[in-house]
$ cat start29.cif   # mmCIF, C-alpha atoms
data_upload
loop_
_atom_site.group_PDB
_atom_site.id
_atom_site.type_symbol
_atom_site.label_atom_id
_atom_site.label_comp_id
_atom_site.auth_asym_id
_atom_site.auth_seq_id
_atom_site.Cartn_x
_atom_site.Cartn_y
_atom_site.Cartn_z
ATOM 1 C CA MET A 271 85.733 103.819 62.531
ATOM 2 C CA PRO A 272 82.577 104.724 64.504
ATOM 3 C CA THR A 273 80.167 101.910 65.169
ATOM 4 C CA ARG A 274 76.415 102.048 64.613
ATOM 5 C CA LEU A 275 75.891 102.372 68.380
ATOM 6 C CA THR A 276 78.151 105.443 68.453
ATOM 7 C CA TYR A 277 76.196 106.963 65.571
ATOM 8 C CA TYR A 278 72.865 106.503 67.353
ATOM 9 C CA ARG A 279 74.286 107.953 70.566
ATOM 10 C CA ARG A 280 75.401 111.058 68.699
ATOM 11 C CA ARG A 281 71.996 111.358 67.078
ATOM 12 C CA ALA A 282 70.314 111.005 70.463
ATOM 13 C CA ARG A 283 72.530 113.699 71.973
ATOM 14 C CA LEU A 284 71.722 115.993 69.049
ATOM 15 C CA TRP A 285 67.959 115.486 69.491
ATOM 16 C CA ILE A 286 68.190 116.008 73.239
ATOM 17 C CA TRP A 287 70.185 119.207 72.740
ATOM 18 C CA CYS A 288 67.658 120.539 70.180
ATOM 19 C CA TYR A 289 64.686 119.870 72.444
ATOM 20 C CA LEU A 290 66.454 121.385 75.439
ATOM 21 C CA MET A 291 67.007 124.575 73.414
ATOM 22 C CA LEU A 292 63.359 124.541 72.319
ATOM 23 C CA LEU A 293 62.088 123.865 75.826
ATOM 24 C CA PRO A 294 61.606 127.551 76.804
ATOM 25 C CA VAL A 295 59.693 128.240 73.593
ATOM 26 C CA LEU A 296 57.578 125.105 74.003
ATOM 27 C CA ALA A 297 56.859 126.039 77.615
ATOM 28 C CA ILE A 298 55.701 129.525 76.616
ATOM 29 C CA TYR A 299 53.568 128.080 73.805
ATOM 30 C CA ALA A 300 51.986 125.573 76.163
ATOM 31 C CA TYR A 301 51.245 128.293 78.717
ATOM 32 C CA VAL A 302 49.775 130.673 76.152
ATOM 33 C CA ARG A 303 47.928 128.168 73.941
ATOM 34 C CA ILE A 304 47.441 124.710 75.419
ATOM 35 C CA VAL A 305 46.751 125.650 79.038
ATOM 36 C CA PRO A 306 43.941 128.143 78.159
ATOM 37 C CA ILE A 307 42.266 125.560 75.914
ATOM 38 C CA ALA A 308 42.455 122.944 78.658
ATOM 39 C CA ARG A 309 41.160 125.473 81.193
ATOM 40 C CA SER A 310 38.256 126.423 78.919
ATOM 41 C CA LEU A 311 37.413 122.763 78.428
ATOM 42 C CA GLU A 312 37.345 122.301 82.192
ATOM 43 C CA LEU A 313 35.163 125.395 82.768
ATOM 44 C CA SER A 314 32.671 124.280 80.112
ATOM 45 C CA PHE A 315 31.491 121.542 82.504
ATOM 46 C CA PHE A 316 30.680 124.015 85.278
ATOM 47 C CA ASP A 317 28.077 126.703 85.842
ATOM 48 C CA TRP A 318 30.398 129.523 86.840
ATOM 49 C CA ARG A 319 29.050 133.075 87.046
ATOM 50 C CA LEU A 320 32.510 134.730 87.201
ATOM 51 C CA ILE A 321 31.742 136.807 90.295
ATOM 52 C CA SER A 322 30.500 133.785 92.249
ATOM 53 C CA ARG A 323 32.762 131.565 94.314
ATOM 54 C CA VAL A 324 30.463 128.583 93.780
ATOM 55 C CA ARG A 325 31.027 126.551 90.609
ATOM 56 C CA PRO A 326 28.563 123.659 90.486
ATOM 57 C CA PHE A 327 29.415 120.839 88.115
ATOM 58 C CA VAL A 328 26.770 120.530 85.375
ATOM 59 C CA GLY A 329 28.414 118.069 83.015
ATOM 60 C CA LEU A 330 27.251 118.515 79.402
ATOM 61 C CA ALA A 331 24.384 120.845 80.338
ATOM 62 C CA ASN A 332 26.087 123.870 78.741
ATOM 63 C CA TYR A 333 26.517 122.003 75.461
ATOM 64 C CA VAL A 334 22.919 120.756 75.503
ATOM 65 C CA ARG A 335 21.697 124.275 76.168
ATOM 66 C CA MET A 336 23.794 125.562 73.300
ATOM 67 C CA VAL A 337 21.974 123.352 70.792
ATOM 68 C CA GLY A 338 18.668 125.076 71.508
ATOM 69 C CA ASP A 339 20.088 128.584 71.952
ATOM 70 C CA GLU A 340 18.755 130.828 69.192
ATOM 71 C CA ASN A 341 21.537 133.373 69.702
ATOM 72 C CA PHE A 342 24.172 130.675 69.221
ATOM 73 C CA GLN A 343 22.443 129.378 66.087
ATOM 74 C CA ILE A 344 22.315 132.867 64.565
ATOM 75 C CA ALA A 345 25.948 133.501 65.482
ATOM 76 C CA LEU A 346 27.052 130.163 64.026
ATOM 77 C CA TRP A 347 25.187 130.798 60.769
ATOM 78 C CA ASN A 348 26.512 134.355 60.397
ATOM 79 C CA THR A 349 30.085 133.300 61.180
ATOM 80 C CA THR A 350 29.949 130.410 58.709
ATOM 81 C CA VAL A 351 28.540 132.594 55.930
ATOM 82 C CA TYR A 352 31.111 135.301 56.655
ATOM 83 C CA SER A 353 34.005 132.820 56.730
ATOM 84 C CA LEU A 354 33.090 130.909 53.575
ATOM 85 C CA ALA A 355 32.346 134.061 51.583
ATOM 86 C CA THR A 356 35.438 135.930 52.757
ATOM 87 C CA VAL A 357 37.841 133.030 52.199
ATOM 88 C CA LEU A 358 36.461 131.988 48.808
ATOM 89 C CA ILE A 359 36.140 135.504 47.378
ATOM 90 C CA SER A 360 39.556 136.700 48.584
ATOM 91 C CA THR A 361 41.233 133.516 47.285
ATOM 92 C CA ALA A 362 39.447 133.736 43.934
ATOM 93 C CA ILE A 363 40.673 137.327 43.513
ATOM 94 C CA ALA A 364 44.170 136.945 44.988
ATOM 95 C CA LEU A 365 45.252 133.881 42.984
ATOM 96 C CA PRO A 366 44.800 135.237 39.429
ATOM 97 C CA LEU A 367 46.011 138.642 40.607
ATOM 98 C CA ALA A 368 49.199 137.030 41.898
ATOM 99 C CA VAL A 369 49.740 135.349 38.521
ATOM 100 C CA VAL A 370 49.486 138.727 36.804
ATOM 101 C CA LEU A 371 51.748 140.531 39.283
ATOM 102 C CA ALA A 372 54.375 137.774 39.111
ATOM 103 C CA ARG A 373 55.113 138.875 35.534
ATOM 104 C CA ARG A 374 55.415 142.596 36.207
ATOM 105 C CA GLY A 375 58.997 142.478 37.448
ATOM 106 C CA LYS A 376 60.142 145.495 39.441
ATOM 107 C CA THR A 377 56.765 147.251 39.433
ATOM 108 C CA SER A 378 55.255 144.275 41.247
ATOM 109 C CA ALA A 379 56.729 145.493 44.549
ATOM 110 C CA ILE A 380 54.666 148.681 44.335
ATOM 111 C CA TYR A 381 51.445 146.775 43.841
ATOM 112 C CA GLN A 382 52.349 144.333 46.600
ATOM 113 C CA THR A 383 52.816 147.238 49.001
ATOM 114 C CA ILE A 384 49.470 148.754 48.019
ATOM 115 C CA TYR A 385 47.601 145.483 48.460
ATOM 116 C CA PHE A 386 49.414 144.552 51.688
ATOM 117 C CA LEU A 387 48.888 147.873 53.487
ATOM 118 C CA PRO A 388 45.383 146.906 54.720
ATOM 119 C CA VAL A 389 46.806 143.710 56.224
ATOM 120 C CA ILE A 390 49.309 145.488 58.464
ATOM 121 C CA THR A 391 46.964 148.347 59.361
ATOM 122 C CA PRO A 392 45.315 147.822 62.783
ATOM 123 C CA MET A 393 41.743 146.604 62.593
ATOM 124 C CA VAL A 394 40.140 149.232 64.857
ATOM 125 C CA PRO A 395 41.057 152.335 62.815
ATOM 126 C CA MET A 396 40.203 150.504 59.603
ATOM 127 C CA ALA A 397 36.830 149.473 61.014
ATOM 128 C CA ILE A 398 36.124 153.081 62.015
ATOM 129 C CA ALA A 399 37.092 154.273 58.529
ATOM 130 C CA TRP A 400 34.844 151.691 56.881
ATOM 131 C CA LYS A 401 32.034 152.587 59.265
ATOM 132 C CA TRP A 402 32.115 156.132 57.896
ATOM 133 C CA ILE A 403 32.412 154.868 54.323
ATOM 134 C CA TYR A 404 29.209 152.882 54.887
ATOM 135 C CA ASP A 405 27.405 155.734 56.686
ATOM 136 C CA TYR A 406 23.890 156.185 55.320
ATOM 137 C CA ASN A 407 23.853 160.004 55.314
ATOM 138 C CA TYR A 408 27.499 161.050 54.898
ATOM 139 C CA GLY A 409 29.281 157.926 53.671
ATOM 140 C CA LEU A 410 31.637 158.033 50.707
ATOM 141 C CA LEU A 411 30.132 154.900 49.177
ATOM 142 C CA ASN A 412 26.599 156.285 49.078
ATOM 143 C CA TYR A 413 27.965 159.557 47.689
ATOM 144 C CA VAL A 414 29.617 157.682 44.804
ATOM 145 C CA LEU A 415 26.408 155.750 44.177
ATOM 146 C CA SER A 416 24.419 158.991 44.120
ATOM 147 C CA LEU A 417 26.573 160.211 41.230
ATOM 148 C CA VAL A 418 25.088 157.479 39.040
ATOM 149 C CA GLY A 419 21.544 157.925 40.342
ATOM 150 C CA ILE A 420 21.468 155.083 42.873
ATOM 151 C CA PRO A 421 19.644 155.962 46.122
ATOM 152 C CA PRO A 422 21.540 155.646 49.431
ATOM 153 C CA VAL A 423 21.871 152.150 50.889
ATOM 154 C CA ALA A 424 21.705 151.341 54.612
ATOM 155 C CA TRP A 425 24.857 149.230 54.528
ATOM 156 C CA LEU A 426 25.156 148.643 58.275
ATOM 157 C CA THR A 427 21.504 148.879 59.344
ATOM 158 C CA ASP A 428 19.734 146.803 56.708
ATOM 159 C CA VAL A 429 19.266 143.274 58.025
ATOM 160 C CA HIS A 430 19.839 141.811 54.544
ATOM 161 C CA ILE A 431 22.961 143.845 53.706
ATOM 162 C CA ALA A 432 24.872 144.341 56.974
ATOM 163 C CA LEU A 433 26.622 140.958 56.939
ATOM 164 C CA TRP A 434 27.678 141.364 53.305
ATOM 165 C CA ALA A 435 29.021 144.832 54.057
ATOM 166 C CA LEU A 436 31.300 143.206 56.629
ATOM 167 C CA ILE A 437 32.271 140.527 54.095
ATOM 168 C CA ILE A 438 33.348 143.211 51.609
ATOM 169 C CA MET A 439 35.467 144.837 54.294
ATOM 170 C CA GLY A 440 36.919 141.437 55.281
ATOM 171 C CA VAL A 441 37.882 140.628 51.675
ATOM 172 C CA TRP A 442 39.569 144.021 51.329
ATOM 173 C CA LYS A 443 41.456 143.519 54.616
ATOM 174 C CA GLY A 444 42.752 140.004 53.894
ATOM 175 C CA LEU A 445 43.317 140.143 50.131
ATOM 176 C CA GLY A 446 46.910 141.342 50.402
ATOM 177 C CA TYR A 447 47.894 138.486 52.727
ATOM 178 C CA SER A 448 46.748 135.805 50.290
ATOM 179 C CA LEU A 449 48.242 137.722 47.366
ATOM 180 C CA VAL A 450 51.747 137.887 48.842
ATOM 181 C CA ILE A 451 51.712 134.207 49.845
ATOM 182 C CA PHE A 452 50.626 133.192 46.332
ATOM 183 C CA LEU A 453 53.318 135.406 44.797
ATOM 184 C CA VAL A 454 55.989 133.654 46.849
ATOM 185 C CA GLY A 455 54.747 130.281 45.633
ATOM 186 C CA ILE A 456 54.504 131.310 41.973
ATOM 187 C CA ARG A 457 57.990 132.802 41.919
ATOM 188 C CA ASN A 458 59.426 129.557 43.303
ATOM 189 C CA ILE A 459 58.002 127.509 40.428
ATOM 190 C CA PRO A 460 60.927 126.530 38.144
ATOM 191 C CA ALA A 461 60.796 128.508 34.895
ATOM 192 C CA THR A 462 61.606 125.329 32.950
ATOM 193 C CA PHE A 463 58.125 123.966 33.680
ATOM 194 C CA LEU A 464 56.422 127.004 32.148
ATOM 195 C CA GLU A 465 58.857 127.063 29.234
ATOM 196 C CA ALA A 466 58.148 123.383 28.512
ATOM 197 C CA ALA A 467 54.425 124.087 28.561
ATOM 198 C CA SER A 468 54.919 126.998 26.134
ATOM 199 C CA LEU A 469 56.897 124.763 23.769
ATOM 200 C CA ASP A 470 54.025 122.274 23.843
ATOM 201 C CA GLY A 471 51.698 125.053 22.701
ATOM 202 C CA ALA A 472 49.853 125.536 26.004
ATOM 203 C CA SER A 473 47.844 128.732 26.381
ATOM 204 C CA GLU A 474 48.120 130.979 29.421
ATOM 205 C CA LEU A 475 44.971 129.450 30.890
ATOM 206 C CA GLN A 476 46.267 125.919 30.300
ATOM 207 C CA LYS A 477 49.605 126.769 31.935
ATOM 208 C CA PHE A 478 47.764 128.143 34.944
ATOM 209 C CA TRP A 479 45.435 125.168 35.246
ATOM 210 C CA HIS A 480 47.902 122.345 34.525
ATOM 211 C CA VAL A 481 51.224 123.759 35.771
ATOM 212 C CA ILE A 482 50.852 126.633 38.213
ATOM 213 C CA LEU A 483 47.784 125.475 40.132
ATOM 214 C CA PRO A 484 48.968 121.872 40.808
ATOM 215 C CA LEU A 485 52.346 123.148 42.045
ATOM 216 C CA LEU A 486 50.606 125.739 44.243
ATOM 217 C CA ARG A 487 48.437 123.220 46.084
ATOM 218 C CA PRO A 488 50.520 123.303 49.313
ATOM 219 C CA ILE A 489 50.457 127.116 49.263
ATOM 220 C CA LEU A 490 46.744 127.129 48.455
ATOM 221 C CA LEU A 491 46.059 124.760 51.348
ATOM 222 C CA TYR A 492 48.030 126.991 53.721
ATOM 223 C CA VAL A 493 46.137 130.107 52.598
ATOM 224 C CA LEU A 494 42.745 128.411 52.917
ATOM 225 C CA VAL A 495 43.484 127.009 56.379
ATOM 226 C CA THR A 496 44.906 130.219 57.856
ATOM 227 C CA SER A 497 42.231 132.388 56.227
ATOM 228 C CA THR A 498 39.468 130.135 57.563
ATOM 229 C CA ILE A 499 40.892 130.288 61.086
ATOM 230 C CA ASN A 500 41.132 134.080 60.941
ATOM 231 C CA ALA A 501 37.645 134.452 59.469
ATOM 232 C CA TYR A 502 35.997 132.294 62.125
ATOM 233 C CA ASN A 503 37.581 134.499 64.779
ATOM 234 C CA VAL A 504 35.999 137.675 63.386
ATOM 235 C CA PHE A 505 35.082 140.095 66.171
ATOM 236 C CA THR A 506 36.668 143.553 66.071
ATOM 237 C CA GLN A 507 34.973 144.884 62.939
ATOM 238 C CA VAL A 508 31.616 143.554 64.095
ATOM 239 C CA TYR A 509 32.015 145.192 67.496
ATOM 240 C CA VAL A 510 33.203 148.520 66.087
ATOM 241 C CA MET A 511 31.026 148.826 62.995
ATOM 242 C CA THR A 512 27.647 147.451 64.037
ATOM 243 C CA LEU A 513 27.173 148.541 67.642
ATOM 244 C CA GLY A 514 25.765 151.863 68.814
ATOM 245 C CA SER A 515 23.753 154.158 66.586
ATOM 246 C CA GLN A 516 24.630 152.173 63.461
ATOM 247 C CA ALA A 517 23.616 148.803 64.841
ATOM 248 C CA ALA A 518 21.814 146.414 62.546
ATOM 249 C CA PRO A 519 18.271 145.510 63.658
ATOM 250 C CA GLY A 520 17.816 142.201 65.413
ATOM 251 C CA GLN A 521 21.000 140.161 65.354
ATOM 252 C CA ALA A 522 21.907 140.312 61.693
ATOM 253 C CA VAL A 523 25.646 140.474 62.338
ATOM 254 C CA ARG A 524 25.943 138.472 65.536
ATOM 255 C CA VAL A 525 29.030 136.231 65.297
ATOM 256 C CA LEU A 526 30.420 133.482 67.490
ATOM 257 C CA VAL A 527 33.255 135.395 69.141
ATOM 258 C CA TYR A 528 30.912 138.270 69.962
ATOM 259 C CA ASP A 529 28.411 135.802 71.424
ATOM 260 C CA ILE A 530 31.220 134.327 73.546
ATOM 261 C CA TYR A 531 32.294 137.798 74.666
ATOM 262 C CA GLN A 532 28.744 138.792 75.577
ATOM 263 C CA ASN A 533 28.014 135.650 77.576
ATOM 264 C CA ALA A 534 31.357 135.809 79.381
ATOM 265 C CA PHE A 535 31.795 139.490 80.203
ATOM 266 C CA GLN A 536 28.285 140.952 80.046
ATOM 267 C CA TYR A 537 26.151 138.122 81.408
ATOM 268 C CA PHE A 538 29.001 136.517 83.433
ATOM 269 C CA ARG A 539 28.153 133.023 82.159
ATOM 270 C CA MET A 540 31.734 131.842 81.982
ATOM 271 C CA GLY A 541 30.888 128.144 81.859
ATOM 272 C CA TYR A 542 28.518 128.588 78.935
ATOM 273 C CA ALA A 543 30.962 130.916 77.145
ATOM 274 C CA SER A 544 33.723 128.330 77.615
ATOM 275 C CA ALA A 545 31.501 125.686 76.027
ATOM 276 C CA GLU A 546 30.964 128.000 73.060
ATOM 277 C CA ALA A 547 34.713 128.599 72.781
ATOM 278 C CA ILE A 548 35.431 124.873 72.779
ATOM 279 C CA THR A 549 32.734 124.357 70.150
ATOM 280 C CA LEU A 550 34.310 127.063 67.994
ATOM 281 C CA THR A 551 37.687 125.358 68.368
ATOM 282 C CA PHE A 552 36.296 122.035 67.162
ATOM 283 C CA ILE A 553 34.448 123.705 64.272
ATOM 284 C CA VAL A 554 37.667 125.304 63.039
ATOM 285 C CA LEU A 555 39.516 122.008 63.557
ATOM 286 C CA ALA A 556 36.858 120.176 61.534
ATOM 287 C CA PHE A 557 37.155 122.629 58.641
ATOM 288 C CA THR A 558 40.937 122.289 58.746
ATOM 289 C CA LEU A 559 40.774 118.499 58.600
ATOM 290 C CA ILE A 560 38.254 118.651 55.740
ATOM 291 C CA GLN A 561 40.575 120.905 53.766
ATOM 292 C CA PHE A 562 43.571 118.635 54.391
ATOM 293 C CA ARG A 563 41.511 115.591 53.372
ATOM 294 C CA ALA A 564 40.266 117.270 50.203
ATOM 295 C CA PHE A 565 43.776 118.229 49.081
ATOM 296 C CA ARG A 566 45.159 114.779 49.862
ATOM 297 C CA SER A 567 42.428 113.139 47.805
ATOM 298 C CA GLN A 568 43.265 115.453 44.873
ATOM 299 C CA GLU A 569 46.946 114.540 45.106
ATOM 300 C CA ALA A 570 46.092 110.830 45.199
ATOM 301 C CA ALA A 571 43.901 111.230 42.134
#
$ encode --input "start29.cif" --output "structure tokens"
Amino acid sequence: MPTRLTYYRRRARLWIWCYLMLLPVLAIYAYVRIVPIARSLELSFFDWRLISRVRPFVGLANYVRMVGDENFQIALWNTTVYSLATVLISTAIALPLAVVLARRGKTSAIYQTIYFLPVITPMVPMAIAWKWIYDYNYGLLNYVLSLVGIPPVAWLTDVHIALWALIIMGVWKGLGYSLVIFLVGIRNIPATFLEAASLDGASELQKFWHVILPLLRPILLYVLVTSTINAYNVFTQVYVMTLGSQAAPGQAVRVLVYDIYQNAFQYFRMGYASAEAITLTFIVLAFTLIQFRAFRSQEAA
């Protein structure tokens, strides 16, 4: 009969074997993810001009400069508004839509495909398509509005509308992702729970609020966290849709990743851009921790 010591030895061998098999994957992950973050953190304390061999140490000067940088403040505000609006609107639409589609049986797959197509379509061609949809003179959207007597709208050049035009595009692009994740969660809810609620006389709204939503909290947390991370990294559609002849006046659609790109590869301020990247990382981390804390407090209540 094996002793307790033998059992622990076997367990230790099993753990060692598992980690040895995972070692190549962990090494690649560290090289691709952890090392660049550490390198960016290091560069944020230097004044490096990319093409210069000299990298004087400036300590926290890049971070102090960032606080008073108007471009950074505008980019931070625009990115936060874009992220909050995109995540909240897409979640508010996807969740009830998933509840409806979960009951459609075989036809649900067709709707899932339709909603998920924008997610798997590359961003650049979709941004170009939406740029033409929003075009002031020849855009499809203004043409449809003209049919009901509404004058054309400068979707990408009006300082008050440009950011919201990007939000609409962002909701359309990410809606299918949230929808499919919610569908997976809803279909894994035991039918006995819903049947018991029906026997107790619960309405459809009550079943959603008291049965489906509480059981979907882990899925909802996952969708909110991943959607927030993706939204704060918005760049491609801003670069494609609002630069050139259709650029918005001023810096109406300046976002953090574009500000990082411009400082790093146009102005060659790599140290300052690294400080912005680290700041963005901590902002996203803070939002993630807030979301985890909020959901834990709800579960405790």
$ resolve_selection --input "start29.cif" --expression "the PyMOL selection byres ((chain A and resi 526) around 12)" --output "JSON, numbers by chain"
{"A": [336, 341, 342, 343, 344, 345, 346, 347, 348, 349, 350, 351, 352, 353, 501, 502, 503, 504, 505, 506, 508, 509, 521, 523, 524, 525, 527, 528, 529, 530, 531, 532, 533, 543, 544, 545, 546, 547, 548, 549, 550, 551, 553, 554]}
$ residues_around --input "start29.cif" --residues "region 377-394 of chain A" --least-positions-apart "4" --cutoff "6 Å" --atoms "all atoms listed in the file" --output "number ranges by chain"
A: 371, 443-444, 446
$ atom_distance --input "start29.cif" --atom1 "CA of Lys401 (chain A)" --atom2 "CA of Leu426 (chain A)"
8.0 Å
$ closest_residue --input "start29.cif" --among "A:Ile321, A:Val295, A:Leu453, A:Ile560" --to "Ile482 (chain A)" --atoms "all atoms listed in the file"
A:Leu453
$ closest_atom_pairs --input "start29.cif" --of "region 354-448 of chain A" --to "region 460-481 of chain A" --cutoff "12 Å" --atoms "only C-alpha atoms" --output "CSV"
residue,atom,partner,partner_atom,distance
A:Leu365,CA,A:Phe478,CA,10.2
A:Pro366,CA,A:Phe478,CA,8.9
A:Ala368,CA,A:Phe478,CA,11.4
A:Val369,CA,A:Phe478,CA,8.3
A:Val370,CA,A:Glu474,CA,10.8
A:Arg373,CA,A:Ala461,CA,11.8
$ residues_around --input "start29.cif" --residues "region 434-441 of chain A" --least-positions-apart "6" --cutoff "7 Å" --atoms "all atoms listed in the file" --output "compact mmCIF listing (two decimals) with C-alpha atoms, in the frame of the given file"
# COMPACT_ATOMS: atom_id res chain seq x y z
CA TYR A 352 31.11 135.30 56.66
CA ALA A 355 32.35 134.06 51.58
CA THR A 356 35.44 135.93 52.76
CA ILE A 359 36.14 135.50 47.38
CA SER A 360 39.56 136.70 48.58
CA TRP A 425 24.86 149.23 54.53
CA LEU A 426 25.16 148.64 58.28
$ atom_distance --input "start29.cif" --atom1 "CA of Tyr404 (chain A)" --atom2 "CA of Val423 (chain A)"
8.4 Å
$ closest_atom_pairs --input "start29.cif" --of "region 355-427 of chain A" --to "region 485-496 of chain A" --cutoff "9 Å" --atoms "only C-alpha atoms" --output "CSV"
residue,atom,partner,partner_atom,distance
A:Val357,CA,A:Leu494,CA,6.8
A:Leu358,CA,A:Leu494,CA,8.3
A:Thr361,CA,A:Leu494,CA,7.8
A:Leu365,CA,A:Leu490,CA,8.8
$ closest_residue --input "start29.cif" --among "A:Ala372, A:Ile363, A:Leu292, A:Leu313" --to "Arg457 (chain A)" --atoms "all atoms listed in the file"
A:Ala372
$ atom_distance --input "start29.cif" --atom1 "CA of Arg309 (chain A)" --atom2 "CA of Val337 (chain A)"
21.9 Å
$ closest_atom_pairs --input "start29.cif" --of "region 286-376 of chain A" --to "region 535-540 of chain A" --cutoff "6 Å" --atoms "all atoms listed in the file" --output "CSV"
residue,atom,partner,partner_atom,distance
A:Trp318,CA,A:Met540,CA,5.5
A:Arg319,CA,A:Arg539,CA,5.0
A:Leu320,CA,A:Phe538,CA,5.5
$ residues_around --input "start29.cif" --residues "region 406-412 of chain A" --least-positions-apart "2" --cutoff "10 Å" --atoms "all atoms listed in the file" --output "number ranges by chain"
A: 399-404, 414-417, 420-427, 516
$ axis_aligned_box --input "start29.cif" --around "region 431-444 of chain A" --padding-each-side "8 Å" --output "AutoDock Vina command-line options"
--center_x 32.9 --center_y 142.4 --center_z 54.2 --size_x 35.8 --size_y 20.8 --size_z 21.6
